[in-house]
Every structure is written in structure tokens, then in C-alpha cells.
Amino acid sequence: QLQLVESGGGLVQPGGSLRLSCAASRFTLDSYAIGWFRQAPGKEREGVSFISVGGGTTHHRDSVKGRFTISRDNAKNTVYLQMNSLQPDDTAVYYCAGRQTTGRTLIFPDRRLYTYWGQGTQVTVSS
């Protein structure tokens, strides 16, 4: 069973940056599309950024476009989320999720399509 572990969260001031990592174990990530999701207190979990198996297809929700970048290094079995110009509205627990697929260019924005989830990492943006 694929295991995912997020890291890199923390407390940052508005305008600051963080890089989240999603590291896989037990299986390699090279057949999994990955999504980053976040959940703020009292709100539903929402999709943030998505990347295909091959890394050539990515998608970000509108509110983070131009600020967040998703990338992957299959040799290191890790997916990254670079977050710049962070705002208080970005405060949430961030989760990465994996879905096995044979489609190297596919992404999956629907959280219901993901099988494997990490435990989450807290991101707090506050002055």
C-alpha cells in the first residue's frame, strides 16, 4: 500500500513562502497522479494543485495560480508544492493524495478519485 508523508508546513508571515513535500514509501510514485488538497477549520477539503504521472500536466485552483507551483521528482519519489506570496486565506492543513493511473498525462481534481492520502501538514499564514 502506498504511503504518503507530507512535510514543510509551518508558520509564515503574509507574503512569505513555503515548500511542501510529499514523500512516498513502499511503492514508487511513477504510476501515481498526485493532488494537493487543503482543509481550513469549518470548511470542506478543497483541491489546490494537481500533477500527472509524467509531470507534463498540471493544474491549480484559480486562487493560487501564479503563486503556487507543483512539481515532481520521480527519482526521489517526491512531489513538491512551492507556495509563494502566501496569504492568510491559505491557512489550512495541506494533504497530498495519490491515484494510480496508466494515463501519464491525466490529472484528477476530484478528491473522491484518490485512494491514498497523507496525514497532512499545517500551514499557518499570520503576522
# chains A, B, ... in the order shown; residues from 1 in each chain; ligands from 1

$ closest_atom_pairs --of "stretch 70-94 of chain A" --to "stretch 51-54 of chain A" --cutoff "9 Å" --atoms "only C-alpha atoms" --output "Markdown table"
| residue | atom | partner | partner_atom | distance |
| --- | --- | --- | --- | --- |
| A:Ile70 | CA | A:Ile51 | CA | 6.8 |
| A:Ser71 | CA | A:Ile51 | CA | 7.1 |
| A:Arg72 | CA | A:Ile51 | CA | 7.9 |
| A:Asn74 | CA | A:Gly54 | CA | 8.7 |
| A:Val79 | CA | A:Ile51 | CA | 8.7 |

$ write_last_selection --atoms "N, CA and C atoms" --output "PDB file, in the first residue's frame"
ATOM      1  N   ILE A  70       3.392  23.253  -8.627  1.00  0.00           N
ATOM      2  CA  ILE A  70       3.508  21.841  -8.269  1.00  0.00           C
ATOM      3  C   ILE A  70       4.533  21.195  -9.200  1.00  0.00           C
ATOM      4  N   SER A  71       5.347  20.330  -8.635  1.00  0.00           N
ATOM      5  CA  SER A  71       6.358  19.640  -9.438  1.00  0.00           C
ATOM      6  C   SER A  71       6.613  18.274  -8.813  1.00  0.00           C
ATOM      7  N   ARG A  72       7.309  17.441  -9.549  1.00  0.00           N
ATOM      8  CA  ARG A  72       7.616  16.122  -9.011  1.00  0.00           C
ATOM      9  C   ARG A  72       8.987  15.664  -9.465  1.00  0.00           C
ATOM     10  N   ASN A  74      10.356  12.032  -9.731  1.00  0.00           N
ATOM     11  CA  ASN A  74      10.053  10.610  -9.555  1.00  0.00           C
ATOM     12  C   ASN A  74      11.283   9.818  -9.089  1.00  0.00           C
ATOM     13  N   VAL A  79       6.842  14.641  -4.475  1.00  0.00           N
ATOM     14  CA  VAL A  79       6.133  15.721  -5.162  1.00  0.00           C
ATOM     15  C   VAL A  79       6.225  16.958  -4.287  1.00  0.00           C
TER      16      VAL A  79
END

$ residues_around --residues "A:Pro109" --least-positions-apart "3" --cutoff "9 Å" --atoms "only C-alpha atoms" --output "short mmCIF file (atom, residue, chain, number, x, y, z; two decimals) with C-alpha atoms, in the first residue's frame"
data_model
loop_
_atom_site.label_atom_id
_atom_site.label_comp_id
_atom_site.auth_asym_id
_atom_site.auth_seq_id
_atom_site.Cartn_x
_atom_site.Cartn_y
_atom_site.Cartn_z
CA GLY A 35 -3.06 16.10 -5.89
CA GLY A 47 -8.28 20.81 -4.30
CA VAL A 48 -5.28 23.08 -4.69
CA SER A 49 -2.87 21.70 -7.28
CA PHE A 50 -2.57 18.58 -9.39
CA HIS A 59 -3.49 22.44 -12.78
CA ARG A 112 -13.14 11.28 -4.39
CA LEU A 113 -10.91 9.74 -7.04
#

$ residues_around --residues "A:Ser31" --least-positions-apart "5" --cutoff "12 Å" --atoms "only C-alpha atoms" --output "JSON, numbers by chain"
{"A": [2, 24, 51, 52, 53, 54, 55, 74, 77, 98, 99, 100, 101, 102, 103, 104, 105, 106]}

$ closest_residue --among "A:Ser63, A:Ser17, A:Thr58, A:Gln1" --to "A:Thr124" --atoms "only C-alpha atoms"
A:Ser17

$ atom_distance --atom1 "atom CA of A:Leu86" --atom2 "atom CA of A:Tyr32"
27.6 Å

$ closest_residue --among "A:Val12, A:Ile34, A:Val93, A:Ala75" --to "A:Thr115" --atoms "only C-alpha atoms"
A:Ile34

$ select_by_dssp --residues "chain A" --states "strand (DSSP E)" --output "short mmCIF file (atom, residue, chain, number, x, y, z; two decimals) with all heavy atoms, in the first residue's frame"
data_model
loop_
_atom_site.label_atom_id
_atom_site.label_comp_id
_atom_site.auth_asym_id
_atom_site.auth_seq_id
_atom_site.Cartn_x
_atom_site.Cartn_y
_atom_site.Cartn_z
N GLN A 3 2.27 4.72 0.82
CA GLN A 3 2.21 5.62 1.97
C GLN A 3 2.77 6.96 1.56
O GLN A 3 3.82 7.04 0.91
CB GLN A 3 2.99 5.04 3.14
CG GLN A 3 2.32 3.83 3.76
CD GLN A 3 2.98 3.37 5.05
OE1 GLN A 3 4.14 3.68 5.30
NE2 GLN A 3 2.25 2.62 5.85
N LEU A 4 2.07 8.01 1.96
CA LEU A 4 2.47 9.37 1.63
C LEU A 4 2.69 10.16 2.92
O LEU A 4 1.88 10.06 3.85
CB LEU A 4 1.39 10.06 0.79
CG LEU A 4 1.04 9.39 -0.55
CD1 LEU A 4 -0.17 10.07 -1.19
CD2 LEU A 4 2.23 9.43 -1.48
N VAL A 5 3.77 10.93 2.95
CA VAL A 5 4.08 11.73 4.12
C VAL A 5 4.38 13.15 3.68
O VAL A 5 5.31 13.38 2.89
CB VAL A 5 5.28 11.16 4.90
CG1 VAL A 5 5.60 12.05 6.09
CG2 VAL A 5 4.99 9.73 5.36
N GLU A 6 3.60 14.09 4.20
CA GLU A 6 3.81 15.50 3.89
C GLU A 6 4.76 16.12 4.91
O GLU A 6 4.80 15.71 6.08
CB GLU A 6 2.50 16.29 3.92
CG GLU A 6 1.41 15.80 3.00
CD GLU A 6 0.47 14.83 3.69
OE1 GLU A 6 0.86 14.21 4.69
OE2 GLU A 6 -0.68 14.70 3.22
N SER A 7 5.48 17.12 4.46
CA SER A 7 6.34 17.89 5.35
C SER A 7 6.52 19.28 4.77
O SER A 7 6.17 19.53 3.60
CB SER A 7 7.70 17.21 5.52
OG SER A 7 8.37 17.11 4.28
N GLY A 10 4.32 25.08 8.27
CA GLY A 10 4.79 25.90 9.38
C GLY A 10 4.05 27.22 9.42
O GLY A 10 3.03 27.40 8.76
N LEU A 11 4.61 28.13 10.20
CA LEU A 11 4.06 29.46 10.37
C LEU A 11 4.87 30.43 9.52
O LEU A 11 6.10 30.45 9.60
CB LEU A 11 4.12 29.88 11.84
CG LEU A 11 3.74 31.32 12.17
CD1 LEU A 11 2.28 31.59 11.81
CD2 LEU A 11 4.01 31.61 13.65
N VAL A 12 4.18 31.23 8.72
CA VAL A 12 4.86 32.18 7.85
C VAL A 12 4.06 33.46 7.81
O VAL A 12 2.82 33.45 7.96
CB VAL A 12 5.03 31.58 6.43
CG1 VAL A 12 3.69 31.32 5.76
CG2 VAL A 12 5.92 32.43 5.56
N LEU A 18 6.67 28.94 1.38
CA LEU A 18 6.93 27.62 1.94
C LEU A 18 7.00 26.63 0.80
O LEU A 18 6.34 26.82 -0.23
CB LEU A 18 5.83 27.19 2.91
CG LEU A 18 5.77 27.83 4.28
CD1 LEU A 18 4.50 27.37 5.01
CD2 LEU A 18 6.99 27.49 5.12
N ARG A 19 7.74 25.56 1.00
CA ARG A 19 7.73 24.47 0.04
C ARG A 19 7.31 23.20 0.76
O ARG A 19 8.00 22.74 1.69
CB ARG A 19 9.09 24.25 -0.63
CG ARG A 19 8.99 23.22 -1.76
CD ARG A 19 10.28 23.04 -2.52
NE ARG A 19 11.21 22.17 -1.83
CZ ARG A 19 12.21 21.51 -2.42
NH1 ARG A 19 12.38 21.62 -3.72
NH2 ARG A 19 13.04 20.77 -1.72
N LEU A 20 6.20 22.66 0.36
CA LEU A 20 5.72 21.40 0.92
C LEU A 20 6.27 20.24 0.10
O LEU A 20 6.42 20.34 -1.12
CB LEU A 20 4.20 21.35 0.91
CG LEU A 20 3.47 22.49 1.62
CD1 LEU A 20 1.96 22.23 1.60
CD2 LEU A 20 3.98 22.69 3.02
N SER A 21 6.54 19.14 0.80
CA SER A 21 6.99 17.92 0.14
C SER A 21 6.02 16.80 0.45
O SER A 21 5.48 16.73 1.55
CB SER A 21 8.39 17.53 0.62
OG SER A 21 9.34 18.51 0.28
N CYS A 22 5.84 15.94 -0.51
CA CYS A 22 5.01 14.74 -0.35
C CYS A 22 5.89 13.57 -0.75
O CYS A 22 6.16 13.36 -1.94
CB CYS A 22 3.78 14.84 -1.23
SG CYS A 22 2.77 13.34 -1.32
N ALA A 23 6.36 12.84 0.25
CA ALA A 23 7.28 11.74 0.01
C ALA A 23 6.53 10.40 0.07
O ALA A 23 5.72 10.19 0.97
CB ALA A 23 8.40 11.76 1.03
N ALA A 24 6.83 9.54 -0.86
CA ALA A 24 6.17 8.23 -0.93
C ALA A 24 7.10 7.13 -0.43
O ALA A 24 8.32 7.21 -0.57
CB ALA A 24 5.75 7.93 -2.35
N SER A 25 6.47 6.12 0.16
CA SER A 25 7.23 4.94 0.56
C SER A 25 6.43 3.70 0.21
O SER A 25 5.24 3.77 -0.07
CB SER A 25 7.55 4.98 2.05
OG SER A 25 6.36 4.97 2.81
N TYR A 32 1.56 7.13 -10.25
CA TYR A 32 0.52 7.82 -9.48
C TYR A 32 0.42 9.29 -9.87
O TYR A 32 1.41 10.02 -9.84
CB TYR A 32 0.81 7.73 -7.98
CG TYR A 32 0.67 6.34 -7.42
CD1 TYR A 32 1.72 5.43 -7.48
CD2 TYR A 32 -0.53 5.92 -6.84
CE1 TYR A 32 1.59 4.15 -6.98
CE2 TYR A 32 -0.66 4.64 -6.34
CZ TYR A 32 0.40 3.76 -6.42
OH TYR A 32 0.26 2.49 -5.93
N ALA A 33 -0.81 9.70 -10.20
CA ALA A 33 -1.09 11.12 -10.27
C ALA A 33 -1.25 11.63 -8.84
O ALA A 33 -1.76 10.91 -7.97
CB ALA A 33 -2.36 11.37 -11.07
N ILE A 34 -0.82 12.84 -8.62
CA ILE A 34 -0.82 13.40 -7.26
C ILE A 34 -1.62 14.69 -7.22
O ILE A 34 -1.57 15.51 -8.15
CB ILE A 34 0.61 13.69 -6.80
CG1 ILE A 34 1.44 12.38 -6.77
CG2 ILE A 34 0.61 14.35 -5.42
CD1 ILE A 34 0.96 11.35 -5.77
N GLY A 35 -2.34 14.85 -6.14
CA GLY A 35 -3.06 16.10 -5.89
C GLY A 35 -2.71 16.64 -4.52
O GLY A 35 -2.46 15.87 -3.58
N TRP A 36 -2.66 17.95 -4.43
CA TRP A 36 -2.58 18.62 -3.13
C TRP A 36 -3.95 19.19 -2.81
O TRP A 36 -4.56 19.86 -3.66
CB TRP A 36 -1.55 19.74 -3.15
CG TRP A 36 -0.12 19.29 -3.05
CD1 TRP A 36 0.76 19.11 -4.06
CD2 TRP A 36 0.58 18.99 -1.84
NE1 TRP A 36 1.98 18.70 -3.57
CE2 TRP A 36 1.90 18.63 -2.20
CE3 TRP A 36 0.24 18.99 -0.49
CZ2 TRP A 36 2.86 18.26 -1.26
CZ3 TRP A 36 1.21 18.62 0.44
CH2 TRP A 36 2.50 18.26 0.05
N PHE A 37 -4.39 18.94 -1.60
CA PHE A 37 -5.67 19.44 -1.11
C PHE A 37 -5.42 20.19 0.19
O PHE A 37 -4.38 20.02 0.83
CB PHE A 37 -6.65 18.29 -0.87
CG PHE A 37 -7.02 17.54 -2.14
CD1 PHE A 37 -6.17 16.58 -2.66
CD2 PHE A 37 -8.22 17.80 -2.78
CE1 PHE A 37 -6.51 15.90 -3.83
CE2 PHE A 37 -8.56 17.13 -3.94
CZ PHE A 37 -7.70 16.18 -4.47
N ARG A 38 -6.39 21.01 0.58
CA ARG A 38 -6.26 21.69 1.87
C ARG A 38 -7.62 21.79 2.53
O ARG A 38 -8.66 21.79 1.85
CB ARG A 38 -5.64 23.08 1.68
CG ARG A 38 -6.51 24.08 0.91
CD ARG A 38 -5.73 25.36 0.66
NE ARG A 38 -6.53 26.35 -0.05
CZ ARG A 38 -6.06 27.49 -0.52
NH1 ARG A 38 -4.76 27.81 -0.33
NH2 ARG A 38 -6.85 28.33 -1.16
N GLN A 39 -7.56 21.87 3.84
CA GLN A 39 -8.79 21.99 4.61
C GLN A 39 -8.58 22.97 5.73
O GLN A 39 -7.75 22.74 6.61
CB GLN A 39 -9.24 20.63 5.14
CG GLN A 39 -10.61 20.65 5.78
CD GLN A 39 -11.17 19.26 5.99
OE1 GLN A 39 -10.45 18.26 6.00
NE2 GLN A 39 -12.47 19.18 6.15
N GLU A 46 -10.58 21.11 -0.10
CA GLU A 46 -10.63 21.60 -1.48
C GLU A 46 -9.32 21.30 -2.20
O GLU A 46 -8.25 21.25 -1.59
CB GLU A 46 -10.88 23.12 -1.50
CG GLU A 46 -9.80 23.95 -0.85
CD GLU A 46 -10.12 25.44 -0.85
OE1 GLU A 46 -11.28 25.82 -1.04
OE2 GLU A 46 -9.16 26.24 -0.67
N GLY A 47 -9.45 21.08 -3.49
CA GLY A 47 -8.28 20.81 -4.30
C GLY A 47 -7.48 22.07 -4.55
O GLY A 47 -8.05 23.15 -4.75
N VAL A 48 -6.17 21.94 -4.51
CA VAL A 48 -5.28 23.08 -4.69
C VAL A 48 -4.50 22.95 -6.00
O VAL A 48 -4.57 23.83 -6.85
CB VAL A 48 -4.31 23.21 -3.51
CG1 VAL A 48 -3.36 24.37 -3.72
CG2 VAL A 48 -5.08 23.37 -2.20
N SER A 49 -3.74 21.88 -6.12
CA SER A 49 -2.87 21.70 -7.28
C SER A 49 -2.78 20.22 -7.62
O SER A 49 -2.83 19.38 -6.72
CB SER A 49 -1.46 22.25 -6.99
OG SER A 49 -1.51 23.62 -6.67
N PHE A 50 -2.57 19.96 -8.93
CA PHE A 50 -2.57 18.58 -9.39
C PHE A 50 -1.48 18.38 -10.42
O PHE A 50 -1.17 19.30 -11.19
CB PHE A 50 -3.94 18.23 -10.01
CG PHE A 50 -5.08 18.63 -9.13
CD1 PHE A 50 -5.68 19.86 -9.29
CD2 PHE A 50 -5.53 17.79 -8.12
CE1 PHE A 50 -6.72 20.26 -8.47
CE2 PHE A 50 -6.56 18.18 -7.30
CZ PHE A 50 -7.17 19.41 -7.47
N ILE A 51 -0.93 17.18 -10.45
CA ILE A 51 0.12 16.89 -11.41
C ILE A 51 -0.03 15.46 -11.92
O ILE A 51 -0.40 14.55 -11.16
CB ILE A 51 1.51 17.13 -10.79
CG1 ILE A 51 2.61 17.08 -11.85
CG2 ILE A 51 1.79 16.14 -9.65
CD1 ILE A 51 3.94 17.66 -11.37
N THR A 58 -0.28 19.94 -15.35
CA THR A 58 -0.53 20.46 -14.01
C THR A 58 -1.75 21.36 -14.05
O THR A 58 -2.15 21.86 -15.11
CB THR A 58 0.66 21.26 -13.47
OG1 THR A 58 0.90 22.39 -14.32
CG2 THR A 58 1.91 20.41 -13.39
N HIS A 59 -2.33 21.56 -12.89
CA HIS A 59 -3.49 22.44 -12.78
C HIS A 59 -3.53 23.00 -11.36
O HIS A 59 -3.23 22.28 -10.40
CB HIS A 59 -4.78 21.68 -13.08
CG HIS A 59 -6.01 22.53 -12.92
ND1 HIS A 59 -6.35 23.51 -13.83
CD2 HIS A 59 -6.95 22.56 -11.94
CE1 HIS A 59 -7.46 24.10 -13.41
NE2 HIS A 59 -7.85 23.54 -12.29
N HIS A 60 -3.88 24.27 -11.26
CA HIS A 60 -4.01 24.91 -9.95
C HIS A 60 -5.37 25.57 -9.85
O HIS A 60 -5.91 26.06 -10.84
CB HIS A 60 -2.94 25.99 -9.79
CG HIS A 60 -1.53 25.48 -9.94
ND1 HIS A 60 -0.84 24.92 -8.88
CD2 HIS A 60 -0.70 25.45 -10.99
CE1 HIS A 60 0.37 24.56 -9.30
NE2 HIS A 60 0.48 24.87 -10.58
N PHE A 68 1.44 29.42 -6.62
CA PHE A 68 1.83 28.06 -6.26
C PHE A 68 2.33 27.33 -7.51
O PHE A 68 1.83 27.53 -8.62
CB PHE A 68 0.64 27.27 -5.71
CG PHE A 68 0.19 27.71 -4.35
CD1 PHE A 68 0.61 28.87 -3.74
CD2 PHE A 68 -0.71 26.89 -3.64
CE1 PHE A 68 0.18 29.26 -2.49
CE2 PHE A 68 -1.16 27.26 -2.38
CZ PHE A 68 -0.72 28.44 -1.81
N THR A 69 3.30 26.45 -7.29
CA THR A 69 3.82 25.61 -8.37
C THR A 69 3.94 24.18 -7.86
O THR A 69 4.52 23.95 -6.79
CB THR A 69 5.20 26.09 -8.84
OG1 THR A 69 5.11 27.45 -9.27
CG2 THR A 69 5.70 25.23 -9.99
N ILE A 70 3.39 23.25 -8.63
CA ILE A 70 3.51 21.84 -8.27
C ILE A 70 4.53 21.19 -9.20
O ILE A 70 4.59 21.50 -10.40
CB ILE A 70 2.15 21.12 -8.35
CG1 ILE A 70 2.25 19.71 -7.79
CG2 ILE A 70 1.58 21.13 -9.76
CD1 ILE A 70 0.90 19.01 -7.62
N SER A 71 5.35 20.33 -8.63
CA SER A 71 6.36 19.64 -9.44
C SER A 71 6.61 18.27 -8.81
O SER A 71 6.18 18.00 -7.69
CB SER A 71 7.65 20.45 -9.50
OG SER A 71 8.20 20.62 -8.21
N ARG A 72 7.31 17.44 -9.55
CA ARG A 72 7.62 16.12 -9.01
C ARG A 72 8.99 15.66 -9.46
O ARG A 72 9.45 16.04 -10.54
CB ARG A 72 6.55 15.10 -9.43
CG ARG A 72 6.47 14.81 -10.91
CD ARG A 72 5.20 14.00 -11.23
NE ARG A 72 5.22 12.70 -10.55
CZ ARG A 72 4.11 12.00 -10.27
NH1 ARG A 72 2.92 12.46 -10.61
NH2 ARG A 72 4.21 10.83 -9.68
N ASP A 73 9.60 14.87 -8.61
CA ASP A 73 10.87 14.24 -8.92
C ASP A 73 10.67 12.75 -8.68
O ASP A 73 10.80 12.28 -7.53
CB ASP A 73 11.98 14.82 -8.05
CG ASP A 73 13.35 14.30 -8.42
OD1 ASP A 73 13.44 13.23 -9.05
OD2 ASP A 73 14.35 14.95 -8.06
N THR A 78 9.14 11.95 -4.79
CA THR A 78 8.63 13.10 -4.05
C THR A 78 7.93 14.08 -4.98
O THR A 78 8.37 14.29 -6.12
CB THR A 78 9.76 13.82 -3.31
OG1 THR A 78 10.42 12.90 -2.43
CG2 THR A 78 9.22 14.98 -2.48
N VAL A 79 6.84 14.64 -4.47
CA VAL A 79 6.13 15.72 -5.16
C VAL A 79 6.22 16.96 -4.29
O VAL A 79 6.15 16.86 -3.06
CB VAL A 79 4.67 15.34 -5.42
CG1 VAL A 79 3.88 16.52 -5.98
CG2 VAL A 79 4.59 14.15 -6.38
N TYR A 80 6.37 18.10 -4.92
CA TYR A 80 6.56 19.36 -4.19
C TYR A 80 5.42 20.33 -4.50
O TYR A 80 4.84 20.31 -5.58
CB TYR A 80 7.89 20.00 -4.59
CG TYR A 80 9.08 19.11 -4.39
CD1 TYR A 80 9.62 18.39 -5.45
CD2 TYR A 80 9.67 18.97 -3.14
CE1 TYR A 80 10.71 17.56 -5.29
CE2 TYR A 80 10.76 18.14 -2.95
CZ TYR A 80 11.28 17.43 -4.02
OH TYR A 80 12.35 16.61 -3.84
N LEU A 81 5.17 21.20 -3.54
CA LEU A 81 4.27 22.32 -3.76
C LEU A 81 4.98 23.56 -3.26
O LEU A 81 5.12 23.77 -2.05
CB LEU A 81 2.93 22.13 -3.02
CG LEU A 81 1.90 23.22 -3.30
CD1 LEU A 81 1.45 23.17 -4.75
CD2 LEU A 81 0.69 23.06 -2.36
N GLN A 82 5.45 24.36 -4.20
CA GLN A 82 6.10 25.64 -3.85
C GLN A 82 5.01 26.69 -3.73
O GLN A 82 4.25 26.91 -4.68
CB GLN A 82 7.10 26.02 -4.94
CG GLN A 82 7.78 27.35 -4.70
CD GLN A 82 8.69 27.35 -3.49
OE1 GLN A 82 9.44 26.40 -3.28
NE2 GLN A 82 8.63 28.40 -2.68
N MET A 83 4.95 27.31 -2.58
CA MET A 83 3.91 28.29 -2.30
C MET A 83 4.55 29.63 -2.03
O MET A 83 5.29 29.79 -1.05
CB MET A 83 3.06 27.85 -1.10
CG MET A 83 2.49 26.44 -1.25
SD MET A 83 1.33 26.00 0.06
CE MET A 83 2.42 26.06 1.48
N ALA A 92 -4.37 26.45 6.33
CA ALA A 92 -5.12 25.20 6.29
C ALA A 92 -4.16 24.05 6.58
O ALA A 92 -2.94 24.24 6.62
CB ALA A 92 -5.75 24.98 4.91
N VAL A 93 -4.74 22.88 6.76
CA VAL A 93 -3.95 21.66 6.74
C VAL A 93 -3.87 21.21 5.28
O VAL A 93 -4.90 21.11 4.61
CB VAL A 93 -4.58 20.56 7.61
CG1 VAL A 93 -3.74 19.28 7.52
CG2 VAL A 93 -4.68 21.02 9.06
N TYR A 94 -2.67 20.96 4.82
CA TYR A 94 -2.45 20.57 3.43
C TYR A 94 -2.17 19.08 3.36
O TYR A 94 -1.33 18.56 4.11
CB TYR A 94 -1.28 21.36 2.83
CG TYR A 94 -1.66 22.76 2.47
CD1 TYR A 94 -1.92 23.71 3.45
CD2 TYR A 94 -1.78 23.15 1.13
CE1 TYR A 94 -2.28 25.00 3.12
CE2 TYR A 94 -2.14 24.45 0.79
CZ TYR A 94 -2.39 25.36 1.79
OH TYR A 94 -2.75 26.65 1.45
N TYR A 95 -2.87 18.42 2.45
CA TYR A 95 -2.75 16.98 2.27
C TYR A 95 -2.32 16.67 0.83
O TYR A 95 -2.78 17.32 -0.10
CB TYR A 95 -4.09 16.28 2.49
CG TYR A 95 -4.71 16.49 3.84
CD1 TYR A 95 -5.55 17.56 4.11
CD2 TYR A 95 -4.48 15.57 4.87
CE1 TYR A 95 -6.13 17.75 5.35
CE2 TYR A 95 -5.05 15.74 6.12
CZ TYR A 95 -5.88 16.83 6.35
OH TYR A 95 -6.45 16.99 7.58
N CYS A 96 -1.48 15.67 0.68
CA CYS A 96 -1.25 15.16 -0.67
C CYS A 96 -1.97 13.82 -0.79
O CYS A 96 -2.20 13.11 0.20
CB CYS A 96 0.23 15.01 -0.99
SG CYS A 96 1.15 13.80 -0.05
N ALA A 97 -2.36 13.52 -2.01
CA ALA A 97 -3.11 12.30 -2.29
C ALA A 97 -2.64 11.69 -3.60
O ALA A 97 -2.21 12.41 -4.51
CB ALA A 97 -4.60 12.61 -2.36
N GLY A 98 -2.72 10.38 -3.67
CA GLY A 98 -2.25 9.67 -4.86
C GLY A 98 -3.32 8.79 -5.47
O GLY A 98 -4.12 8.17 -4.75
N ARG A 99 -3.33 8.76 -6.80
CA ARG A 99 -4.23 7.88 -7.54
C ARG A 99 -3.41 7.17 -8.60
O ARG A 99 -2.77 7.81 -9.45
CB ARG A 99 -5.36 8.66 -8.21
CG ARG A 99 -6.22 7.77 -9.11
CD ARG A 99 -7.24 8.55 -9.90
NE ARG A 99 -7.84 7.74 -10.95
CZ ARG A 99 -8.93 7.01 -10.79
NH1 ARG A 99 -9.54 6.99 -9.62
NH2 ARG A 99 -9.41 6.30 -11.79
N GLN A 100 -3.47 5.85 -8.56
CA GLN A 100 -2.73 5.09 -9.56
C GLN A 100 -3.44 5.18 -10.90
O GLN A 100 -4.67 5.09 -10.97
CB GLN A 100 -2.60 3.62 -9.14
CG GLN A 100 -1.60 2.85 -9.98
CD GLN A 100 -1.25 1.51 -9.35
OE1 GLN A 100 -2.04 0.93 -8.61
NE2 GLN A 100 -0.07 1.03 -9.62
N TYR A 116 -5.07 7.10 -1.89
CA TYR A 116 -4.08 7.19 -0.82
C TYR A 116 -3.91 8.65 -0.40
O TYR A 116 -3.80 9.54 -1.24
CB TYR A 116 -2.74 6.62 -1.30
CG TYR A 116 -2.86 5.19 -1.78
CD1 TYR A 116 -2.90 4.89 -3.13
CD2 TYR A 116 -2.99 4.15 -0.87
CE1 TYR A 116 -3.04 3.59 -3.58
CE2 TYR A 116 -3.12 2.84 -1.29
CZ TYR A 116 -3.15 2.57 -2.65
OH TYR A 116 -3.30 1.28 -3.08
N TRP A 117 -3.85 8.83 0.92
CA TRP A 117 -3.74 10.17 1.50
C TRP A 117 -2.65 10.19 2.55
O TRP A 117 -2.45 9.22 3.29
CB TRP A 117 -5.06 10.58 2.15
CG TRP A 117 -6.16 10.82 1.17
CD1 TRP A 117 -6.96 9.88 0.58
CD2 TRP A 117 -6.58 12.08 0.65
NE1 TRP A 117 -7.85 10.49 -0.28
CE2 TRP A 117 -7.65 11.83 -0.24
CE3 TRP A 117 -6.17 13.40 0.86
CZ2 TRP A 117 -8.31 12.86 -0.93
CZ3 TRP A 117 -6.83 14.41 0.19
CH2 TRP A 117 -7.88 14.15 -0.70
N THR A 121 -0.10 18.41 6.71
CA THR A 121 0.86 19.31 7.34
C THR A 121 0.21 20.68 7.46
O THR A 121 -0.44 21.16 6.53
CB THR A 121 2.18 19.36 6.55
OG1 THR A 121 3.13 20.16 7.26
CG2 THR A 121 2.00 19.95 5.16
N GLN A 122 0.36 21.28 8.63
CA GLN A 122 -0.30 22.56 8.90
C GLN A 122 0.48 23.71 8.28
O GLN A 122 1.70 23.83 8.46
CB GLN A 122 -0.42 22.78 10.41
CG GLN A 122 -1.02 24.11 10.81
CD GLN A 122 -2.49 24.21 10.51
OE1 GLN A 122 -3.26 23.30 10.81
NE2 GLN A 122 -2.91 25.33 9.91
N VAL A 123 -0.25 24.58 7.59
CA VAL A 123 0.30 25.83 7.08
C VAL A 123 -0.49 26.97 7.69
O VAL A 123 -1.73 27.01 7.57
CB VAL A 123 0.21 25.90 5.53
CG1 VAL A 123 0.60 27.28 5.04
CG2 VAL A 123 1.11 24.84 4.91
N THR A 124 0.20 27.85 8.38
CA THR A 124 -0.44 29.00 9.01
C THR A 124 0.22 30.27 8.50
O THR A 124 1.43 30.43 8.60
CB THR A 124 -0.33 28.93 10.54
OG1 THR A 124 -0.91 27.70 11.01
CG2 THR A 124 -1.05 30.10 11.19
N VAL A 125 -0.61 31.14 7.94
CA VAL A 125 -0.11 32.42 7.42
C VAL A 125 -0.68 33.52 8.30
O VAL A 125 -1.88 33.78 8.31
CB VAL A 125 -0.53 32.63 5.96
CG1 VAL A 125 0.11 33.91 5.42
CG2 VAL A 125 -0.14 31.43 5.11
#

$ decode --residues "stretch 31-41 of chain A" --atoms "N, CA and C atoms" --output "mmCIF file, in the first residue's frame"
data_model
loop_
_atom_site.group_PDB
_atom_site.id
_atom_site.type_symbol
_atom_site.label_atom_id
_atom_site.label_comp_id
_atom_site.auth_asym_id
_atom_site.auth_seq_id
_atom_site.Cartn_x
_atom_site.Cartn_y
_atom_site.Cartn_z
ATOM 1 N N SER A 31 3.714 5.794 -11.090
ATOM 2 C CA SER A 31 2.447 5.419 -11.712
ATOM 3 C C SER A 31 1.271 6.087 -11.011
ATOM 4 N N TYR A 32 1.564 7.135 -10.246
ATOM 5 C CA TYR A 32 0.518 7.816 -9.484
ATOM 6 C C TYR A 32 0.415 9.287 -9.866
ATOM 7 N N ALA A 33 -0.807 9.697 -10.199
ATOM 8 C CA ALA A 33 -1.091 11.122 -10.275
ATOM 9 C C ALA A 33 -1.247 11.632 -8.844
ATOM 10 N N ILE A 34 -0.816 12.842 -8.616
ATOM 11 C CA ILE A 34 -0.819 13.400 -7.264
ATOM 12 C C ILE A 34 -1.623 14.686 -7.217
ATOM 13 N N GLY A 35 -2.343 14.850 -6.143
ATOM 14 C CA GLY A 35 -3.058 16.098 -5.890
ATOM 15 C C GLY A 35 -2.715 16.640 -4.518
ATOM 16 N N TRP A 36 -2.663 17.947 -4.427
ATOM 17 C CA TRP A 36 -2.575 18.621 -3.131
ATOM 18 C C TRP A 36 -3.946 19.192 -2.809
ATOM 19 N N PHE A 37 -4.394 18.939 -1.597
ATOM 20 C CA PHE A 37 -5.672 19.441 -1.114
ATOM 21 C C PHE A 37 -5.424 20.190 0.187
ATOM 22 N N ARG A 38 -6.387 21.007 0.585
ATOM 23 C CA ARG A 38 -6.258 21.694 1.865
ATOM 24 C C ARG A 38 -7.615 21.788 2.525
ATOM 25 N N GLN A 39 -7.561 21.870 3.841
ATOM 26 C CA GLN A 39 -8.795 21.986 4.606
ATOM 27 C C GLN A 39 -8.584 22.969 5.734
ATOM 28 N N ALA A 40 -9.360 24.036 5.690
ATOM 29 C CA ALA A 40 -9.334 25.030 6.753
ATOM 30 C C ALA A 40 -10.411 24.678 7.772
ATOM 31 N N PRO A 41 -10.282 25.149 9.012
ATOM 32 C CA PRO A 41 -11.282 24.838 10.040
ATOM 33 C C PRO A 41 -12.686 25.242 9.601
#
